[in-house]
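S.K.: Structure: work_14.cif, mmCIF, C-alpha atoms.
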data_target
#
loop_
_atom_site.label_atom_id
_atom_site.label_comp_id
_atom_site.auth_asym_id
_atom_site.auth_seq_id
_atom_site.Cartn_x
_atom_site.Cartn_y
_atom_site.Cartn_z
CA MET A 1292 66.90 -36.12 -33.34
CA PRO A 1293 65.69 -36.96 -29.82
CA SER A 1294 62.29 -35.42 -28.85
CA ARG A 1295 62.15 -32.78 -26.18
CA ARG A 1296 60.22 -33.63 -23.03
CA PRO A 1297 58.53 -30.92 -20.90
CA PRO A 1298 60.30 -30.09 -17.68
CA PRO A 1299 59.00 -32.10 -14.65
CA TYR A 1300 57.63 -29.03 -12.82
CA LEU A 1301 54.98 -28.57 -15.54
CA TYR A 1302 53.36 -31.89 -14.59
CA SER A 1303 52.99 -30.75 -10.96
CA ALA A 1304 51.40 -27.48 -12.15
CA VAL A 1305 48.55 -29.18 -14.04
CA PRO A 1306 46.41 -29.93 -10.91
CA LEU A 1307 46.92 -26.35 -9.73
CA LEU A 1308 45.76 -24.96 -13.10
CA PHE A 1309 42.70 -27.23 -13.00
CA LEU A 1310 41.87 -25.97 -9.50
CA VAL A 1311 42.12 -22.32 -10.55
CA ALA A 1312 40.20 -22.75 -13.81
CA PHE A 1313 37.34 -25.02 -12.79
CA ILE A 1314 36.99 -25.36 -9.01
CA LEU A 1315 37.56 -21.93 -7.42
CA PRO A 1316 34.98 -20.04 -9.56
CA LYS A 1317 32.28 -22.39 -8.25
CA LEU A 1318 33.16 -22.23 -4.56
CA HIS A 1319 31.10 -19.07 -3.96
CA ALA A 1320 27.91 -21.07 -4.43
CA PHE A 1321 28.72 -23.06 -1.30
CA LEU A 1322 29.63 -20.12 0.93
CA PRO A 1323 27.05 -18.72 3.41
CA VAL A 1324 25.33 -15.49 2.41
CA SER A 1325 25.98 -12.62 4.82
CA PRO A 1326 24.71 -9.06 4.88
CA TYR A 1327 28.17 -7.90 5.91
CA SER A 1328 30.68 -6.81 3.31
CA THR A 1329 32.76 -3.81 2.36
CA SER A 1330 30.37 -2.71 -0.40
CA THR A 1331 27.53 -0.35 0.40
CA SER A 1332 24.89 -2.03 -1.76
CA THR A 1333 24.75 -5.54 -3.18
CA SER A 1334 22.09 -6.95 -5.49
CA PHE A 1335 20.97 -10.56 -5.45
CA SER A 1336 22.40 -11.77 -8.77
CA SER A 1337 21.24 -15.35 -9.29
CA THR A 1338 17.78 -16.72 -9.96
CA ALA A 1339 17.81 -18.41 -6.55
CA LEU A 1340 18.34 -15.03 -4.90
CA GLN A 1341 15.51 -13.22 -6.62
CA ALA A 1342 12.13 -12.48 -5.16
CA LYS A 1343 8.78 -12.52 -6.91
CA LYS A 1344 7.81 -9.23 -8.46
CA PRO A 1345 4.47 -7.88 -7.25
CA SER A 1346 2.03 -6.24 -9.61
CA THR A 1347 2.81 -2.65 -10.53
CA LYS A 1348 2.18 0.02 -7.90
CA LYS A 1349 3.61 3.47 -7.53
CA SER A 1350 5.71 4.15 -4.49
CA SER A 1351 4.00 6.38 -2.00
CA GLY A 1352 7.22 8.33 -1.64
CA THR A 1353 7.90 11.63 -3.33
CA GLY A 1354 10.78 10.68 -5.56
CA ALA A 1355 12.85 7.90 -7.01
CA SER A 1356 15.39 8.16 -4.24
CA THR A 1357 12.90 7.58 -1.46
CA VAL A 1358 13.60 4.52 0.70
CA LYS A 1359 10.98 3.95 3.37
CA GLY A 1360 10.45 1.63 6.28
CA PHE A 1361 7.47 0.94 8.52
CA GLY A 1362 4.34 2.38 7.04
CA SER A 1363 4.84 1.17 3.50
CA ALA A 1364 2.43 -0.91 1.47
CA LYS A 1365 2.95 -3.35 -1.34
CA PRO A 1366 0.47 -5.27 -3.43
CA SER A 1367 -0.63 -8.55 -1.92
CA ALA A 1368 1.70 -11.49 -2.45
CA SER A 1369 -1.28 -13.34 -3.86
CA SER A 1370 -1.19 -11.05 -6.87
CA SER A 1371 2.50 -11.58 -7.55
CA SER A 1372 3.57 -12.71 -10.98
CA SER A 1373 6.15 -15.36 -11.77
CA SER A 1374 8.73 -12.78 -12.85
CA THR A 1375 11.56 -11.87 -10.51
CA VAL A 1376 13.08 -8.66 -9.21
CA GLN A 1377 16.34 -7.94 -7.43
CA HIS A 1378 16.38 -6.22 -4.04
CA PRO A 1379 19.72 -4.45 -3.41
CA LEU A 1380 20.97 -4.98 0.13
CA LEU A 1381 21.59 -1.83 2.16
CA LYS A 1382 25.06 -2.29 3.61
CA ASP A 1383 25.92 1.17 4.81
CA LYS A 1384 27.45 1.53 8.26
CA GLY A 1385 24.14 2.62 9.82
CA HIS A 1386 22.17 -0.46 8.81
CA LEU A 1387 25.05 -2.79 9.67
CA ALA A 1388 25.38 -1.15 13.09
CA LEU A 1389 21.64 -1.64 13.68
CA ILE A 1390 21.82 -5.34 12.77
CA ASP A 1391 24.91 -5.85 14.95
CA TRP A 1392 23.26 -4.06 17.89
CA ILE A 1393 20.09 -6.18 17.64
CA GLN A 1394 22.12 -9.39 17.54
CA THR A 1395 24.35 -8.45 20.47
CA GLN A 1396 21.17 -7.76 22.49
CA GLY A 1397 19.85 -11.27 21.85
CA GLY A 1398 17.88 -10.73 18.66
CA LEU A 1399 17.82 -13.53 16.08
CA ILE A 1400 18.07 -11.84 12.69
CA ASN A 1401 21.31 -13.31 11.36
CA HIS A 1402 19.57 -14.75 8.30
CA LEU A 1403 17.96 -11.44 7.34
CA ALA A 1404 19.11 -8.20 5.75
CA VAL A 1405 17.75 -4.72 5.11
CA ALA A 1406 17.18 -4.05 1.41
CA SER A 1407 15.69 -1.54 -0.98
CA ILE A 1408 12.54 -3.31 -2.12
CA GLN A 1409 12.08 -2.99 -5.86
CA PRO A 1410 10.44 -1.69 -7.96
CA TYR A 1411 9.05 0.65 -5.26
CA ASN A 1412 12.40 1.70 -3.77
CA ILE A 1413 11.10 1.23 -0.24
CA ARG A 1414 13.17 -0.09 2.63
CA GLY A 1415 12.27 -3.55 3.90
CA ILE A 1416 13.51 -6.91 5.20
CA VAL A 1417 14.61 -9.80 2.97
CA ALA A 1418 15.53 -13.40 3.76
CA LEU A 1419 19.08 -14.65 3.25
CA LYS A 1420 18.08 -18.28 3.69
CA PRO A 1421 14.89 -20.26 2.96
CA PHE A 1422 12.30 -20.60 5.72
CA LYS A 1423 9.69 -23.32 6.06
CA LYS A 1424 6.14 -22.74 7.22
CA GLY A 1425 6.22 -22.46 11.00
CA ASP A 1426 9.85 -21.31 11.19
CA ILE A 1427 10.70 -18.25 13.28
CA ILE A 1428 11.86 -15.58 10.84
CA ILE A 1429 12.40 -12.67 13.24
CA SER A 1430 12.90 -12.79 17.00
CA ILE A 1431 13.43 -9.59 19.00
CA PRO A 1432 13.75 -9.60 22.83
CA TYR A 1433 11.24 -7.48 24.72
CA SER A 1434 14.15 -5.95 26.59
CA LEU A 1435 14.76 -3.90 23.43
CA ALA A 1436 11.21 -2.57 23.37
CA LEU A 1437 11.00 1.18 23.86
CA ASP A 1438 7.84 1.42 25.96
CA VAL A 1439 6.04 4.72 25.32
CA THR A 1440 2.86 3.94 27.26
CA PRO A 1441 1.95 7.00 29.36
CA PRO A 1442 2.22 6.27 33.13
CA SER A 1443 -1.22 7.77 33.76
CA LEU A 1444 -3.06 5.91 30.98
CA PRO A 1445 -6.12 4.09 32.39
CA SER A 1446 -6.12 0.33 31.81
CA SER A 1447 -9.29 0.58 29.70
CA SER A 1448 -7.91 3.31 27.43
CA SER A 1449 -6.46 2.87 23.96
CA THR A 1450 -3.13 4.57 23.40
CA LEU A 1451 -3.90 5.25 19.76
CA ALA A 1452 -7.32 6.77 20.53
CA ASP A 1453 -5.26 9.72 21.72
CA PRO A 1454 -1.58 9.31 20.77
CA ILE A 1455 -0.49 12.65 22.25
CA PRO A 1456 0.32 11.32 25.77
CA ALA A 1457 2.38 8.47 24.29
CA ALA A 1458 4.17 10.93 22.01
CA LEU A 1459 5.07 13.10 25.00
CA GLU A 1460 6.27 10.00 26.86
CA LEU A 1461 8.55 9.18 23.94
CA LEU A 1462 10.02 12.68 24.00
CA ARG A 1463 10.44 12.52 27.78
CA GLN A 1464 12.44 9.31 27.47
CA LEU A 1465 14.58 10.68 24.67
CA ASP A 1466 15.45 13.61 26.90
CA ASP A 1467 17.37 11.03 28.93
CA GLU A 1468 20.87 10.85 27.46
CA GLU A 1469 21.36 7.29 28.70
CA ILE A 1470 18.24 6.06 26.89
CA LYS A 1471 19.14 8.03 23.79
CA ALA A 1472 22.63 6.51 23.77
CA ARG A 1473 21.29 2.98 24.19
CA TYR A 1474 18.91 3.30 21.25
CA ALA A 1475 21.32 5.33 19.10
CA PRO A 1476 21.72 2.59 16.42
CA TYR A 1477 17.93 2.45 16.09
CA LEU A 1478 17.26 6.20 16.17
CA ALA A 1479 19.92 6.78 13.52
CA MET A 1480 17.97 4.64 11.03
CA ILE A 1481 14.53 6.25 11.33
CA PRO A 1482 13.32 9.66 10.09
CA SER A 1483 13.86 12.53 12.50
CA ALA A 1484 11.83 15.67 13.08
CA THR A 1485 14.08 17.47 10.59
CA THR A 1486 13.60 14.90 7.82
CA LYS A 1487 12.12 16.31 4.65
CA GLN A 1488 8.45 15.42 4.31
CA GLY A 1489 8.03 12.46 1.99
CA GLU A 1490 11.42 10.91 2.76
CA GLY A 1491 11.35 7.64 4.63
CA GLY A 1492 7.55 7.75 4.67
CA TYR A 1493 7.70 10.77 6.98
CA GLY A 1494 5.08 13.49 6.64
CA LEU A 1495 2.54 11.49 4.62
CA THR A 1496 -0.01 10.97 7.40
CA THR A 1497 -2.99 13.31 7.76
CA ASP A 1498 -1.25 15.19 10.61
CA PHE A 1499 0.87 16.86 7.90
CA PHE A 1500 -1.91 17.56 5.36
CA THR A 1501 -2.53 21.07 4.09
CA LYS A 1502 -6.02 22.57 4.38
CA SER A 1503 -6.87 21.69 0.77
CA GLU A 1504 -5.57 18.13 1.20
CA LEU A 1505 -7.71 17.68 4.30
CA GLU A 1506 -10.76 18.94 2.42
CA SER A 1507 -10.12 16.31 -0.26
CA LEU A 1508 -10.57 13.56 2.33
CA GLN A 1509 -14.25 14.53 2.73
CA TRP A 1510 -15.03 11.62 5.11
CA PRO A 1511 -16.35 13.32 8.32
CA PRO A 1512 -14.95 10.91 10.98
CA THR A 1513 -11.44 11.20 9.53
CA LEU A 1514 -11.66 14.98 9.29
CA VAL A 1515 -12.86 15.31 12.88
CA GLU A 1516 -10.20 12.98 14.30
CA THR A 1517 -7.38 14.54 12.27
CA ASN A 1518 -8.33 18.11 13.21
CA ASN A 1519 -8.58 17.14 16.87
CA ARG A 1520 -5.17 15.44 16.71
CA ILE A 1521 -3.60 18.51 15.08
CA GLN A 1522 -5.15 20.80 17.70
CA ARG A 1523 -4.02 18.55 20.56
CA THR A 1524 -0.50 18.45 19.11
CA GLN A 1525 -0.34 22.24 19.02
CA GLU A 1526 -1.66 22.53 22.58
CA ALA A 1527 0.77 19.91 23.90
CA ALA A 1528 3.71 21.67 22.29
CA LYS A 1529 2.70 25.01 23.78
CA GLU A 1530 2.03 23.60 27.25
CA GLY A 1531 5.27 21.61 27.31
CA GLY A 1532 7.44 24.32 25.83
CA ARG A 1533 8.45 22.10 22.90
CA GLU A 1534 8.61 22.78 19.19
CA GLU A 1535 5.39 21.82 17.44
CA GLY A 1536 7.32 19.98 14.73
CA LEU A 1537 9.03 17.80 17.34
CA VAL A 1538 5.72 16.83 18.97
CA ARG A 1539 4.21 16.10 15.56
CA TRP A 1540 7.18 13.84 14.80
CA ALA A 1541 6.63 11.97 18.08
CA VAL A 1542 2.93 11.52 17.24
CA TRP A 1543 3.93 10.13 13.85
CA MET A 1544 6.33 7.71 15.55
CA VAL A 1545 3.60 6.43 17.87
CA VAL A 1546 0.84 5.96 15.30
CA SER A 1547 2.98 4.64 12.44
CA ARG A 1548 5.76 2.62 14.10
CA SER A 1549 4.56 1.40 17.50
CA LEU A 1550 2.79 -1.85 18.36
CA GLY A 1551 0.19 -2.61 21.00
CA ILE A 1552 1.41 -5.46 23.23
CA ALA A 1553 -0.34 -7.26 26.08
CA PRO A 1554 1.52 -6.60 29.37
CA ALA A 1555 1.84 -10.32 30.12
CA LEU A 1556 4.00 -10.70 27.03
CA LEU A 1557 6.37 -8.09 28.38
CA GLY A 1558 6.80 -9.98 31.63
CA GLU A 1559 5.10 -7.25 33.62
CA GLY A 1560 3.18 -7.57 36.84
CA GLU A 1561 3.30 -6.18 40.31
CA GLY A 1562 6.71 -4.60 40.73
CA GLY A 1563 7.68 -5.29 37.14
CA ARG A 1564 8.79 -2.78 34.54
CA GLY A 1565 6.03 -0.22 34.42
CA GLY A 1566 5.08 -0.54 38.12
CA GLY A 1567 2.41 -3.18 37.65
CA ARG A 1568 0.19 -1.02 35.44
CA SER A 1569 -2.47 -3.00 33.58
CA GLY A 1570 -3.72 -2.53 30.04
CA GLN A 1571 -2.11 -2.69 26.65
CA ARG A 1572 1.46 -1.43 26.29
CA GLN A 1573 2.49 0.69 23.33
CA VAL A 1574 6.05 -0.11 22.32
CA LEU A 1575 8.54 0.57 19.57
CA ILE A 1576 10.35 -2.59 18.43
CA PRO A 1577 13.66 -1.87 16.65
CA PHE A 1578 14.21 -3.69 13.34
CA LEU A 1579 10.70 -5.17 13.34
CA ASP A 1580 9.32 -1.79 12.30
CA LEU A 1581 11.31 -2.07 9.07
CA CYS A 1582 8.84 -4.72 7.89
CA ASN A 1583 6.40 -3.41 5.30
CA HIS A 1584 2.68 -4.08 5.08
CA ASP A 1585 1.33 -6.80 2.82
CA GLU A 1586 -2.36 -7.51 3.23
CA GLY A 1587 -1.95 -10.97 1.71
CA SER A 1588 0.93 -12.03 3.95
CA PRO A 1589 0.20 -15.16 6.03
CA HIS A 1590 3.11 -14.52 8.39
CA VAL A 1591 2.11 -14.25 12.04
CA LEU A 1592 3.30 -11.68 14.57
CA THR A 1593 3.36 -13.33 17.99
CA GLY A 1594 5.02 -13.19 21.39
CA ARG A 1595 3.37 -15.90 23.41
CA GLU A 1596 6.49 -17.32 25.00
CA GLY A 1597 10.16 -16.80 25.76
CA GLY A 1598 10.06 -13.02 26.22
CA MET A 1599 10.57 -12.53 22.48
CA LEU A 1600 8.46 -10.85 19.82
CA LYS A 1601 8.48 -13.10 16.79
CA VAL A 1602 7.41 -13.22 13.18
CA VAL A 1603 6.53 -16.81 12.30
CA ALA A 1604 6.42 -17.93 8.68
CA GLY A 1605 2.90 -18.66 7.46
CA ARG A 1606 4.27 -20.23 4.29
CA GLU A 1607 7.62 -21.05 2.75
CA VAL A 1608 9.92 -18.06 2.21
CA GLY A 1609 12.55 -18.16 -0.50
CA VAL A 1610 16.04 -16.69 -0.40
CA GLY A 1611 15.92 -13.04 -1.43
CA GLU A 1612 12.19 -12.74 -0.74
CA GLU A 1613 10.82 -9.83 1.26
CA VAL A 1614 9.44 -10.53 4.73
CA ALA A 1615 6.30 -8.46 5.37
CA PHE A 1616 3.13 -8.91 7.41
CA ALA A 1617 -0.40 -7.53 7.49
CA TYR A 1618 -0.64 -4.49 9.76
CA GLY A 1619 -3.43 -4.67 12.31
CA GLY A 1620 -3.89 -8.37 11.67
CA GLY A 1621 -5.26 -7.52 8.24
CA GLN A 1622 -8.33 -5.84 9.76
CA LEU A 1623 -7.51 -2.15 9.39
CA THR A 1624 -9.92 0.21 7.66
CA SER A 1625 -8.82 2.69 5.00
CA ASP A 1626 -9.09 5.63 7.39
CA ARG A 1627 -6.50 4.05 9.70
CA PHE A 1628 -4.08 3.49 6.83
CA VAL A 1629 -4.41 7.10 5.70
CA GLN A 1630 -4.30 8.65 9.17
CA ASP A 1631 -1.67 6.50 10.82
CA TYR A 1632 0.57 5.13 8.05
CA GLY A 1633 0.34 7.63 5.21
CA PHE A 1634 -0.67 5.23 2.45
CA LEU A 1635 -3.85 3.68 1.14
CA GLU A 1636 -4.09 -0.07 0.76
CA GLU A 1637 -4.61 -0.70 -2.94
CA LYS A 1638 -6.99 -3.61 -2.52
CA GLY A 1639 -10.17 -2.21 -1.04
CA GLY A 1640 -13.62 -3.73 -1.34
CA GLU A 1641 -14.97 -7.23 -1.83
CA GLY A 1642 -12.53 -9.68 -3.33
CA GLY A 1643 -9.55 -7.89 -1.81
CA GLY A 1644 -7.01 -9.37 0.54
CA ASN A 1645 -7.78 -11.28 3.73
CA GLY A 1646 -10.45 -13.50 2.22
CA GLY A 1647 -12.45 -10.68 0.66
CA ARG A 1648 -13.41 -9.08 3.99
CA ASP A 1649 -14.26 -5.44 3.47
CA TRP A 1650 -13.44 -3.61 6.68
CA ASP A 1651 -14.54 -0.23 5.29
CA ARG A 1652 -18.05 -1.52 4.71
CA ARG A 1653 -18.08 -3.10 8.15
CA MET A 1654 -17.17 0.26 9.65
CA VAL A 1655 -19.97 2.01 7.76
CA ARG A 1656 -22.37 -0.78 8.71
CA GLY A 1657 -21.47 -0.23 12.35
CA MET A 1658 -22.12 3.50 12.05
CA ILE A 1659 -25.57 2.88 10.57
CA LYS A 1660 -26.43 0.39 13.32
CA ALA A 1661 -25.26 2.94 15.90
CA GLY A 1662 -27.83 5.47 14.66
CA ARG A 1663 -25.52 7.50 12.39
CA ARG A 1664 -27.30 6.72 9.12
CA GLU A 1665 -28.07 10.40 8.45
CA GLU A 1666 -24.37 11.24 8.76
CA VAL A 1667 -23.57 8.62 6.12
CA GLU A 1668 -26.37 9.86 3.85
CA ARG A 1669 -25.16 13.47 4.12
CA PHE A 1670 -21.66 12.40 3.14
CA VAL A 1671 -22.92 10.61 0.03
CA ALA A 1672 -25.27 13.47 -0.91
CA GLY A 1673 -22.56 16.10 -0.54
CA PHE A 1674 -19.75 14.11 -2.15
CA ARG A 1675 -17.64 16.19 -4.54
CA GLU A 1676 -16.42 14.42 -7.66
CA GLU A 1677 -15.32 16.57 -10.56
CA GLU A 1678 -15.08 15.24 -14.08
CA GLU A 1679 -11.47 16.40 -14.16
CA GLU A 1680 -10.62 14.15 -11.22
CA GLU A 1681 -12.23 11.14 -12.89
CA LYS A 1682 -10.20 11.83 -16.02
CA GLU A 1683 -6.99 12.13 -14.02
CA GLU A 1684 -7.68 8.82 -12.29
CA LYS A 1685 -8.01 7.05 -15.65
CA GLU A 1686 -5.31 8.82 -17.66
CA GLY A 1687 -2.77 9.71 -14.99
CA TRP A 1688 -2.52 12.49 -12.43
CA LYS A 1689 -1.38 15.99 -13.23
CA GLU A 1690 2.19 16.73 -12.22
CA ASP A 1691 1.10 19.40 -9.75
CA VAL A 1692 -1.05 16.96 -7.75
CA GLY A 1693 0.96 15.70 -4.77
CA GLU A 1694 1.01 12.20 -3.30
CA ARG A 1695 -1.13 13.21 -0.32
CA ALA A 1696 -3.76 14.83 -2.54
CA LYS A 1697 -3.94 11.74 -4.73
CA MET A 1698 -4.30 9.53 -1.68
CA ALA A 1699 -7.00 11.77 -0.20
CA ARG A 1700 -9.09 11.65 -3.37
CA ARG A 1701 -8.78 7.88 -3.70
CA PHE A 1702 -9.75 7.55 -0.05
CA ALA A 1703 -12.83 9.75 -0.46
CA ARG A 1704 -14.02 7.72 -3.45
CA ARG A 1705 -13.45 4.47 -1.57
CA MET A 1706 -15.45 5.63 1.43
CA ARG A 1707 -18.28 6.83 -0.83
CA ALA A 1708 -18.39 3.39 -2.49
CA ALA A 1709 -18.60 1.70 0.93
CA CYS A 1710 -21.39 4.02 2.05
CA VAL A 1711 -23.42 3.60 -1.14
CA ALA A 1712 -23.15 -0.17 -0.88
CA GLU A 1713 -24.32 -0.24 2.74
CA LEU A 1714 -27.14 2.28 2.24
CA ALA A 1715 -28.49 0.16 -0.61
CA LYS A 1716 -28.95 -2.87 1.64
#
In structure tokens, what does this structure look like?

M.R.:
Amino acid sequence: MPSRRPPPYLYSAVPLLFLVAFILPKLHAFLPVSPYSTSTSTSFSSTALQAKKPSTKKSSGTGASTVKGFGSAKPSASSSSSSTVQHPLLKDKGHLALIDWIQTQGGLINHLAVASIQPYNIRGIVALKPFKKGDIIISIPYSLALDVTPPSLPSSSSTLADPIPAALELLRQLDDEEIKARYAPYLAMIPSATTKQGEGGYGLTTDFFTKSELESLQWPPTLVETNNRIQRTQEAAKEGGREEGLVRWAVWMVVSRSLGIAPALLGEGEGGRGGGRSGQRQVLIPFLDLCNHDEGSPHVLTGREGGMLKVVAGREVGVGEEVAFAYGGGQLTSDRFVQDYGFLEEKGGEGGGNGGRDWDRRMVRGMIKAGRREEVERFVAGFREEEEEEKEEKEGWKEDVGERAKMARRFARRMRAACVAELAK
């Protein structure tokens, strides 16, 4: 009986079956990674797309659903372990519209994405491609800067020494419908004056503290400055016929999200934008203010050339890794973190980040040299530390103690430690 031979068309189908079974499933590895897709949230799924997991730290938000931007702290990268963690990309229409707007305005952020940084559930920036040391990671044109420097600010003045005028300038500009429309993609992605306190990092600075939370701070300079800022906010709202909550929101925007920039970097001069005013400019930089704080980050924030504000890699950055930098050049004291950002840097004291420099002790040392030793001594002598608080610090806080109260107590203890150390010298 003659054997049956397969029909000829089956031989031509073999290469097609091989292509489907073995080649196509592997093609995705060669395709470029893009933050744009139809899904609303995508996790990095391979080992190459996973970032190092920092040491454990509680989010300074109020709940598990909190996703925050500028004004968020993470443990130093130097303390990271070798384990990995996935950072889900935020691909909702708002974030995609912000990225598209930045790029159409000349920003170079096409190899970056906004993500929910885990395990803290805070909003931040992650890399979609590897960067070498010295590479430009972020580049935002100064033309996108929202300049909130008050027109009448003297050249020798610091905007943040009194943020109320800058806050009022921000509100004045947002009264302009044309300006509001231009920055709509940016404004849609940041907390508003109606945002619930604790969401997006909003309402965690000392401007929003209750009386008891303020008392827990104990440190006199912070109490004086905060109370003055609250009083000035109330007065400005009354004088300008604005809601106090709106002015407080504007103050929060200035102190927690703006950057001080030299006028030369903005291309200003006689007849330039700002009318030739001298002195530091206080500006809001869209997208850049989504970068979180990391005291151990070696990345450099610069704008020396090209009319662009840039973040330059201080070391290699892997795919899926968060891009953060040290606020204030890594030289901020604890009182500035608490007052202006609403969190307390975890690594305080000698041996912390930035080469072990203790900026709290330097501040206290400066006060003593300036003839304020008695003020420091009174603070230490009158410090309130209950046994119950010490127990809570070791065993976990009571459920009825809020994030701001916890932060205030940690801050007070840190300042007492700095004062004791300097007085003992």

S.K.: Could you check how far atom CA of A:Asp1498 sits from atom CA of A:Thr1517, in Å to one decimal?

M.R.: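 For atom CA of A:Asp1498 relative to atom CA of A:Thr1517, the distance reads 6.4 Å.
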
S.K.: Show me, as an mmCIF file with C-alpha atoms, keeping the file's coordinate frame, the residues that have an atom within 8 Å of A:Leu1505 when counting all atoms listed in the file, minus same-chain residues fewer than 6 positions from it.

M.R.:
data_model
loop_
_atom_site.group_PDB
_atom_site.id
_atom_site.type_symbol
_atom_site.label_atom_id
_atom_site.label_comp_id
_atom_site.auth_asym_id
_atom_site.auth_seq_id
_atom_site.Cartn_x
_atom_site.Cartn_y
_atom_site.Cartn_z
ATOM 1 C CA THR A 1497 -2.990 13.310 7.760
ATOM 2 C CA LEU A 1514 -11.660 14.980 9.290
ATOM 3 C CA ALA A 1699 -7.000 11.770 -0.200
#

S.K.: At most 12 Å from (-9.1, 2.3, 9.0), file frame, all atoms listed in the file: which residues, as an MDAnalysis selection string?

M.R.: chainID A and resid 1510 1512:1513 1516 1618:1619 1621:1636 1639 1649:1655 1702 1705:1706

S.K.: Would you list the residues near (-10.9, 12.1, 0.1), meaning any protein, DNA or RNA residue with an atom at most 6 Å from that point in file coordinates, counting only C-alpha atoms, as a ChimeraX atom specification?

M.R.: /A:1507-1509,1699-1700,1702-1703

S.K.: Mind writing the picked residues with C-alpha atoms as a compact mmCIF listing (two decimals), in the coordinates of the input?

M.R.:
# COMPACT_ATOMS: atom_id res chain seq x y z
CA SER A 1507 -10.12 16.31 -0.26
CA LEU A 1508 -10.57 13.56 2.33
CA GLN A 1509 -14.25 14.53 2.73
CA ALA A 1699 -7.00 11.77 -0.20
CA ARG A 1700 -9.09 11.65 -3.37
CA PHE A 1702 -9.75 7.55 -0.05
CA ALA A 1703 -12.83 9.75 -0.46

S.K.: I'd like the neighbourhood of A:Leu1495 as a list of chain:residue names, where a residue qualifies if any of its atoms comes within 7 Å (using all atoms listed in the file), though same-chain residues fewer than 4 positions away should be ignored.

M.R.: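 Listing them by chain and then by number gives A:Gly1489, A:Phe1499, A:Gly1633, A:Arg1695.
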
S.K.: Can those selected residues be exported to a file as an mmCIF file, in the coordinates of the input so that it contains C-alpha atoms?

M.R.:
data_model
loop_
_atom_site.group_PDB
_atom_site.id
_atom_site.type_symbol
_atom_site.label_atom_id
_atom_site.label_comp_id
_atom_site.auth_asym_id
_atom_site.auth_seq_id
_atom_site.Cartn_x
_atom_site.Cartn_y
_atom_site.Cartn_z
ATOM 1 C CA GLY A 1489 8.030 12.460 1.990
ATOM 2 C CA PHE A 1499 0.870 16.860 7.900
ATOM 3 C CA GLY A 1633 0.340 7.630 5.210
ATOM 4 C CA ARG A 1695 -1.130 13.210 -0.320
#

S.K.: Counting all atoms listed in the file, figure out which residue out of A:Lys1601, A:Ala1457, A:Val1614, A:Pro1577 gets nearest to A:Pro1589.

M.R.: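 Going through A:Lys1601, A:Ala1457, A:Val1614, A:Pro1577 one by one, the smallest distance to A:Pro1589 is for A:Val1614.
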
S.K.: Between A:Val1610, A:Met1480, A:Val1439, A:Leu1387, which one has atoms that come closest to A:Val1546, using only C-alpha atoms?

M.R.: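 Result for the nearest residue to A:Val1546: A:Val1439.
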
S.K.: Could you list, as a VMD selection string, every residue matched by the PyMOL selection byres ((chain A and resi 1488) around 12) in this structure?

M.R.: chain A and resid 1351 to 1354 1357 1359 1482 to 1487 1489 to 1496 1498 to 1500 1536 1540 1543 1633 1693 to 1695

S.K.: Point out the residue among A:Glu1668, A:Glu1637, A:Glu1607, A:Glu1613 with the least atom-to-atom distance to A:Ile1427, counting all atoms listed in the file.

M.R.: A:Glu1607

S.K.: Any chance you could resolve the PyMOL selection byres ((chain A and resi 1612) around 6) against this file and give the residues as a ChimeraX atom specification?

M.R.: /A:1342,1417-1418,1609-1611,1613
